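Q: Following this line is query31.cif, made up of mmCIF, N, CA and C atoms:
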```
data_work
loop_
_atom_site.group_PDB
_atom_site.id
_atom_site.type_symbol
_atom_site.label_atom_id
_atom_site.label_comp_id
_atom_site.auth_asym_id
_atom_site.auth_seq_id
_atom_site.Cartn_x
_atom_site.Cartn_y
_atom_site.Cartn_z
ATOM 1 N N MET A 1 0.254 33.711 12.401
ATOM 2 C CA MET A 1 -0.245 35.071 12.506
ATOM 3 C C MET A 1 -0.910 35.469 11.191
ATOM 4 N N ASP A 2 -1.856 36.337 11.293
ATOM 5 C CA ASP A 2 -2.610 36.794 10.136
ATOM 6 C C ASP A 2 -1.808 37.864 9.389
ATOM 7 N N GLU A 3 -1.400 37.555 8.164
ATOM 8 C CA GLU A 3 -0.573 38.488 7.396
ATOM 9 C C GLU A 3 -1.332 39.774 7.058
ATOM 10 N N GLU A 4 -2.631 39.669 6.857
ATOM 11 C CA GLU A 4 -3.430 40.861 6.556
ATOM 12 C C GLU A 4 -3.452 41.824 7.747
ATOM 13 N N ARG A 5 -3.540 41.277 8.942
ATOM 14 C CA ARG A 5 -3.520 42.126 10.140
ATOM 15 C C ARG A 5 -2.163 42.831 10.258
ATOM 16 N N ILE A 6 -1.086 42.110 9.975
ATOM 17 C CA ILE A 6 0.258 42.705 10.024
ATOM 18 C C ILE A 6 0.363 43.821 8.997
ATOM 19 N N ARG A 7 -0.153 43.568 7.802
ATOM 20 C CA ARG A 7 -0.107 44.567 6.738
ATOM 21 C C ARG A 7 -0.860 45.834 7.157
ATOM 22 N N ARG A 8 -2.033 45.682 7.761
ATOM 23 C CA ARG A 8 -2.805 46.856 8.211
ATOM 24 C C ARG A 8 -2.044 47.638 9.278
ATOM 25 N N HIS A 9 -1.446 46.906 10.231
ATOM 26 C CA HIS A 9 -0.662 47.584 11.283
ATOM 27 C C HIS A 9 0.527 48.327 10.670
ATOM 28 N N ALA A 10 1.221 47.678 9.759
ATOM 29 C CA ALA A 10 2.403 48.301 9.139
ATOM 30 C C ALA A 10 2.007 49.567 8.393
ATOM 31 N N TYR A 11 0.915 49.494 7.676
ATOM 32 C CA TYR A 11 0.446 50.673 6.934
ATOM 33 C C TYR A 11 0.081 51.805 7.884
ATOM 34 N N GLN A 12 -0.610 51.480 8.964
ATOM 35 C CA GLN A 12 -0.994 52.499 9.942
ATOM 36 C C GLN A 12 0.249 53.127 10.584
ATOM 37 N N LEU A 13 1.219 52.306 10.954
ATOM 38 C CA LEU A 13 2.456 52.835 11.540
ATOM 39 C C LEU A 13 3.195 53.732 10.553
ATOM 40 N N TRP A 14 3.227 53.312 9.298
ATOM 41 C CA TRP A 14 3.898 54.086 8.253
ATOM 42 C C TRP A 14 3.221 55.444 8.075
ATOM 43 N N GLU A 15 1.881 55.452 8.060
ATOM 44 C CA GLU A 15 1.150 56.715 7.932
ATOM 45 C C GLU A 15 1.395 57.625 9.124
ATOM 46 N N GLU A 16 1.372 57.044 10.328
ATOM 47 C CA GLU A 16 1.587 57.836 11.542
ATOM 48 C C GLU A 16 2.981 58.438 11.595
ATOM 49 N N ALA A 17 3.951 57.787 10.948
ATOM 50 C CA ALA A 17 5.327 58.291 10.936
ATOM 51 C C ALA A 17 5.545 59.315 9.824
ATOM 52 N N GLY A 18 4.514 59.643 9.061
ATOM 53 C CA GLY A 18 4.656 60.642 8.006
ATOM 54 C C GLY A 18 5.011 60.052 6.660
ATOM 55 N N LYS A 19 4.784 58.766 6.454
ATOM 56 C CA LYS A 19 5.015 58.052 5.194
ATOM 57 C C LYS A 19 6.457 58.157 4.693
ATOM 58 N N PRO A 20 7.438 57.852 5.543
ATOM 59 C CA PRO A 20 8.838 57.949 5.110
ATOM 60 C C PRO A 20 9.200 56.820 4.127
ATOM 61 N N ASN A 21 10.166 57.100 3.286
ATOM 62 C CA ASN A 21 10.646 56.114 2.314
ATOM 63 C C ASN A 21 11.754 55.249 2.917
ATOM 64 N N GLY A 22 11.828 54.006 2.479
ATOM 65 C CA GLY A 22 12.946 53.138 2.823
ATOM 66 C C GLY A 22 12.905 52.521 4.209
ATOM 67 N N ARG A 23 11.802 52.610 4.923
ATOM 68 C CA ARG A 23 11.735 52.041 6.268
ATOM 69 C C ARG A 23 10.655 50.975 6.368
ATOM 70 N N ASP A 24 10.320 50.355 5.246
ATOM 71 C CA ASP A 24 9.239 49.379 5.220
ATOM 72 C C ASP A 24 9.520 48.179 6.115
ATOM 73 N N ARG A 25 10.771 47.738 6.170
ATOM 74 C CA ARG A 25 11.120 46.579 7.015
ATOM 75 C C ARG A 25 10.887 46.901 8.491
ATOM 76 N N GLU A 26 11.264 48.111 8.886
ATOM 77 C CA GLU A 26 11.075 48.548 10.277
ATOM 78 C C GLU A 26 9.594 48.515 10.667
ATOM 79 N N PHE A 27 8.729 49.043 9.799
ATOM 80 C CA PHE A 27 7.296 49.069 10.095
ATOM 81 C C PHE A 27 6.699 47.666 10.078
ATOM 82 N N TRP A 28 7.199 46.823 9.187
ATOM 83 C CA TRP A 28 6.701 45.450 9.116
ATOM 84 C C TRP A 28 7.031 44.695 10.407
ATOM 85 N N GLU A 29 8.269 44.854 10.910
ATOM 86 C CA GLU A 29 8.676 44.165 12.146
ATOM 87 C C GLU A 29 7.875 44.677 13.343
ATOM 88 N N ARG A 30 7.677 45.973 13.433
ATOM 89 C CA ARG A 30 6.880 46.526 14.530
ATOM 90 C C ARG A 30 5.437 46.045 14.447
ATOM 91 N N ALA A 31 4.914 45.943 13.224
ATOM 92 C CA ALA A 31 3.543 45.465 13.037
ATOM 93 C C ALA A 31 3.426 43.999 13.443
ATOM 94 N N LYS A 32 4.450 43.197 13.171
ATOM 95 C CA LYS A 32 4.440 41.795 13.594
ATOM 96 C C LYS A 32 4.392 41.695 15.111
ATOM 97 N N GLU A 33 5.152 42.551 15.779
ATOM 98 C CA GLU A 33 5.142 42.564 17.248
ATOM 99 C C GLU A 33 3.758 42.933 17.780
ATOM 100 N N LEU A 34 3.145 43.958 17.201
ATOM 101 C CA LEU A 34 1.809 44.368 17.633
ATOM 102 C C LEU A 34 0.790 43.245 17.427
ATOM 103 N N ALA A 35 0.865 42.574 16.290
ATOM 104 C CA ALA A 35 -0.063 41.479 16.014
ATOM 105 C C ALA A 35 0.144 40.332 16.997
ATOM 106 N N ALA A 36 1.404 40.043 17.329
ATOM 107 C CA ALA A 36 1.689 38.981 18.294
ATOM 108 C C ALA A 36 1.164 39.342 19.674
ATOM 109 N N ILE A 37 1.307 40.595 20.067
ATOM 110 C CA ILE A 37 0.792 41.055 21.361
ATOM 111 C C ILE A 37 -0.722 40.909 21.398
ATOM 112 N N GLU A 38 -1.385 41.323 20.325
ATOM 113 C CA GLU A 38 -2.843 41.187 20.262
ATOM 114 C C GLU A 38 -3.266 39.728 20.364
ATOM 115 N N GLU A 39 -2.547 38.861 19.652
ATOM 116 C CA GLU A 39 -2.885 37.440 19.671
ATOM 117 C C GLU A 39 -2.692 36.848 21.061
ATOM 118 N N ASN A 40 -1.594 37.205 21.722
ATOM 119 C CA ASN A 40 -1.345 36.703 23.074
ATOM 120 C C ASN A 40 -2.391 37.207 24.059
ATOM 121 N N GLN A 41 -2.794 38.459 23.923
ATOM 122 C CA GLN A 41 -3.811 39.001 24.819
ATOM 123 C C GLN A 41 -5.139 38.283 24.639
ATOM 124 N N SER A 42 -5.496 38.001 23.398
ATOM 125 C CA SER A 42 -6.775 37.323 23.173
ATOM 126 C C SER A 42 -6.726 35.897 23.708
ATOM 127 N N LEU A 43 -5.577 35.228 23.597
ATOM 128 C CA LEU A 43 -5.451 33.876 24.142
ATOM 129 C C LEU A 43 -5.475 33.887 25.664
ATOM 130 N N ALA A 44 -4.874 34.902 26.254
ATOM 131 C CA ALA A 44 -4.796 34.976 27.712
ATOM 132 C C ALA A 44 -6.143 35.290 28.352
ATOM 133 N N THR A 45 -7.004 35.943 27.626
ATOM 134 C CA THR A 45 -8.283 36.330 28.210
ATOM 135 C C THR A 45 -9.404 35.329 27.930
ATOM 136 N N LYS A 46 -9.098 34.259 27.190
ATOM 137 C CA LYS A 46 -10.120 33.242 26.947
ATOM 138 C C LYS A 46 -10.391 32.488 28.240
ATOM 139 N N SER A 47 -11.666 32.281 28.529
ATOM 140 C CA SER A 47 -12.009 31.553 29.745
ATOM 141 C C SER A 47 -11.996 30.058 29.475
ATOM 142 N N ARG A 48 -11.783 29.296 30.531
ATOM 143 C CA ARG A 48 -11.804 27.846 30.420
ATOM 144 C C ARG A 48 -13.259 27.391 30.367
ATOM 145 N N PRO A 49 -13.535 26.372 29.585
ATOM 146 C CA PRO A 49 -14.913 25.875 29.536
ATOM 147 C C PRO A 49 -15.346 25.307 30.873
ATOM 148 N N ALA A 50 -16.605 25.532 31.231
ATOM 149 C CA ALA A 50 -17.116 25.085 32.528
ATOM 150 C C ALA A 50 -17.593 23.640 32.484
ATOM 151 N N THR A 51 -17.815 23.118 31.301
ATOM 152 C CA THR A 51 -18.287 21.743 31.184
ATOM 153 C C THR A 51 -17.385 20.974 30.239
ATOM 154 N N GLY A 52 -17.567 19.679 30.193
ATOM 155 C CA GLY A 52 -16.797 18.861 29.272
ATOM 156 C C GLY A 52 -15.566 18.278 29.932
ATOM 157 N N GLU A 53 -14.757 17.673 29.118
ATOM 158 C CA GLU A 53 -13.581 16.955 29.617
ATOM 159 C C GLU A 53 -12.577 17.871 30.304
ATOM 160 N N SER A 54 -12.322 19.067 29.737
ATOM 161 C CA SER A 54 -11.303 19.944 30.315
ATOM 162 C C SER A 54 -11.722 20.482 31.679
ATOM 163 N N ALA A 55 -13.021 20.550 31.955
ATOM 164 C CA ALA A 55 -13.475 21.035 33.249
ATOM 165 C C ALA A 55 -13.214 20.008 34.347
ATOM 166 N N THR A 56 -13.174 18.745 34.000
ATOM 167 C CA THR A 56 -12.955 17.700 35.000
ATOM 168 C C THR A 56 -11.519 17.193 35.007
ATOM 169 N N SER A 57 -10.686 17.696 34.121
ATOM 170 C CA SER A 57 -9.300 17.243 34.064
ATOM 171 C C SER A 57 -8.477 17.877 35.185
ATOM 172 N N THR A 58 -7.207 17.605 35.193
ATOM 173 C CA THR A 58 -6.301 18.108 36.224
ATOM 174 C C THR A 58 -6.361 19.634 36.293
ATOM 175 N N PRO A 59 -6.470 20.207 37.498
ATOM 176 C CA PRO A 59 -6.520 21.671 37.615
ATOM 177 C C PRO A 59 -5.191 22.296 37.207
ATOM 178 N N VAL A 60 -5.236 23.588 36.935
ATOM 179 C CA VAL A 60 -4.043 24.306 36.529
ATOM 180 C C VAL A 60 -2.987 24.244 37.629
ATOM 181 N N GLU A 61 -3.371 24.490 38.853
ATOM 182 C CA GLU A 61 -2.474 24.405 40.005
ATOM 183 C C GLU A 61 -2.849 23.174 40.819
ATOM 184 N N PRO A 62 -1.903 22.316 41.136
ATOM 185 C CA PRO A 62 -2.251 21.179 41.987
ATOM 186 C C PRO A 62 -2.627 21.681 43.383
ATOM 187 N N PRO A 63 -3.510 20.976 44.081
ATOM 188 C CA PRO A 63 -3.940 21.436 45.411
ATOM 189 C C PRO A 63 -2.776 21.655 46.380
ATOM 190 N N GLU A 64 -1.713 20.857 46.242
ATOM 191 C CA GLU A 64 -0.566 21.004 47.150
ATOM 192 C C GLU A 64 0.073 22.386 47.005
ATOM 193 N N ALA A 65 0.069 22.924 45.807
ATOM 194 C CA ALA A 65 0.679 24.237 45.592
ATOM 195 C C ALA A 65 -0.081 25.311 46.343
ATOM 196 N N ILE A 66 -1.388 25.198 46.375
ATOM 197 C CA ILE A 66 -2.205 26.196 47.071
ATOM 198 C C ILE A 66 -2.096 26.003 48.583
ATOM 199 N N GLU A 67 -2.121 24.749 49.036
ATOM 200 C CA GLU A 67 -2.040 24.462 50.470
ATOM 201 C C GLU A 67 -0.696 24.885 51.056
ATOM 202 N N ASN A 68 0.371 24.779 50.273
ATOM 203 C CA ASN A 68 1.718 25.030 50.782
ATOM 204 C C ASN A 68 2.251 26.414 50.436
ATOM 205 N N GLN A 69 1.390 27.320 50.051
ATOM 206 C CA GLN A 69 1.881 28.651 49.699
ATOM 207 C C GLN A 69 2.616 29.262 50.879
ATOM 208 N N GLY A 70 3.811 29.698 50.636
ATOM 209 C CA GLY A 70 4.594 30.350 51.671
ATOM 210 C C GLY A 70 5.347 29.401 52.581
ATOM 211 N N ASP A 71 5.196 28.105 52.418
ATOM 212 C CA ASP A 71 5.913 27.153 53.265
ATOM 213 C C ASP A 71 7.233 26.775 52.617
ATOM 214 N N PHE A 72 8.303 27.273 53.155
ATOM 215 C CA PHE A 72 9.631 26.931 52.688
ATOM 216 C C PHE A 72 10.450 26.506 53.899
ATOM 217 N N PRO A 73 10.630 25.203 54.110
ATOM 218 C CA PRO A 73 11.373 24.735 55.281
ATOM 219 C C PRO A 73 12.768 25.338 55.339
ATOM 220 N N GLY A 74 13.146 25.781 56.520
ATOM 221 C CA GLY A 74 14.483 26.329 56.721
ATOM 222 C C GLY A 74 14.621 27.794 56.361
ATOM 223 N N MET A 75 13.573 28.394 55.858
ATOM 224 C CA MET A 75 13.654 29.806 55.499
ATOM 225 C C MET A 75 12.793 30.614 56.464
ATOM 226 N N ALA A 76 13.248 31.785 56.814
ATOM 227 C CA ALA A 76 12.510 32.648 57.730
ATOM 228 C C ALA A 76 12.138 33.939 57.008
ATOM 229 N N ASP A 77 11.093 34.571 57.468
ATOM 230 C CA ASP A 77 10.647 35.818 56.864
ATOM 231 C C ASP A 77 11.374 37.003 57.475
ATOM 232 N N GLN A 78 12.014 37.783 56.669
ATOM 233 C CA GLN A 78 12.636 39.054 57.023
ATOM 234 C C GLN A 78 13.316 39.064 58.381
ATOM 235 N N GLY A 79 14.214 38.162 58.580
ATOM 236 C CA GLY A 79 15.024 38.186 59.787
ATOM 237 C C GLY A 79 14.490 37.407 60.949
ATOM 238 N N GLU A 80 13.309 36.830 60.844
ATOM 239 C CA GLU A 80 12.784 36.034 61.938
ATOM 240 C C GLU A 80 13.685 34.823 62.155
ATOM 241 N N GLU A 81 13.808 34.433 63.384
ATOM 242 C CA GLU A 81 14.573 33.251 63.785
ATOM 243 C C GLU A 81 16.057 33.337 63.422
ATOM 244 N N GLN A 82 16.536 34.520 63.159
ATOM 245 C CA GLN A 82 17.959 34.676 62.869
ATOM 246 C C GLN A 82 18.609 35.342 64.075
ATOM 247 N N PRO A 83 19.735 34.802 64.542
ATOM 248 C CA PRO A 83 20.394 35.423 65.693
ATOM 249 C C PRO A 83 20.943 36.799 65.310
ATOM 250 N N HIS A 84 20.873 37.682 66.271
ATOM 251 C CA HIS A 84 21.387 39.027 66.044
ATOM 252 C C HIS A 84 22.865 39.051 66.411
ATOM 253 N N ALA A 85 23.613 39.746 65.620
ATOM 254 C CA ALA A 85 25.042 39.886 65.910
ATOM 255 C C ALA A 85 25.193 40.826 67.107
ATOM 256 N N PRO A 86 26.101 40.509 68.021
ATOM 257 C CA PRO A 86 26.280 41.392 69.175
ATOM 258 C C PRO A 86 26.845 42.732 68.724
ATOM 259 N N ARG A 87 26.406 43.798 69.405
ATOM 260 C CA ARG A 87 26.900 45.129 69.083
ATOM 261 C C ARG A 87 28.309 45.298 69.649
ATOM 262 N N ARG A 88 29.113 45.957 68.907
ATOM 263 C CA ARG A 88 30.472 46.217 69.372
ATOM 264 C C ARG A 88 30.501 47.542 70.121
ATOM 265 N N ARG A 89 31.235 47.528 71.189
ATOM 266 C CA ARG A 89 31.371 48.764 71.959
ATOM 267 C C ARG A 89 32.495 49.604 71.376
ATOM 268 N N LYS A 90 32.277 50.890 71.439
ATOM 269 C CA LYS A 90 33.327 51.803 70.970
ATOM 270 C C LYS A 90 34.465 51.802 71.958
ATOM 271 N N ARG A 91 35.664 51.793 71.421
ATOM 272 C CA ARG A 91 36.853 51.859 72.293
ATOM 273 C C ARG A 91 37.103 53.297 72.706
ATOM 274 N N SER A 92 37.460 53.467 73.958
ATOM 275 C CA SER A 92 37.698 54.825 74.446
ATOM 276 C C SER A 92 39.144 55.187 74.364
#
```
Have the structure of the file written as structure tokens, please.
A:
Amino acid sequence: MDEERIRRHAYQLWEEAGKPNGRDREFWERAKELAAIEENQSLATKSRPATGESATSTPVEPPEAIENQGDFPGMADQGEEQPHAPRRRKRS
């Protein structure tokens, strides 16, 4: 992580909190979290290259995963194929 970016975030957080004394560690930790979030977001939004070796390599999801979506042998959706329990009659 970029220490300068963390320092800028910590300073901004400290200013927004009214410049309190003795809480530098708290602002530094929060700034590290913000920097990590920013870094993860930028990595997550990078597109895959359309050409080259990575474009022809194994896809992110194997074709079987897409073809078999929702297929779980022995499982039924929301009560389908499940026998209903007989209703009990009230005793008079």
Q: Take atom CA of A:Glu4 and atom CA of A:Glu29 and report the distance between them in Å, one decimal.
A: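 Interatomic distance here is 13.7 Å.
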Q: At most 6 Å from (4.6, 45.8, 9.6), file frame, all atoms listed in the file: which residues, as a list in words?
A: Ile6, Arg7, His9, Ala10, Tyr11, Glu26, Phe27, Trp28, Glu29, Arg30, Ala31 and Lys32 of chain A
Q: Between atom CA of A:Arg8 and atom CA of A:Pro20, what is the distance in Å, rounded to a tenth?
A: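 About the pair atom CA of A:Arg8 and atom CA of A:Pro20: they are 16.4 Å apart.
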Q: Could you state the separation of atom C of A:Ala35 and atom CA of A:Glu16 in Å, given to one decimal place?
A: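 Calculated distance between atom C of A:Ala35 and atom CA of A:Glu16 is 18.4 Å.
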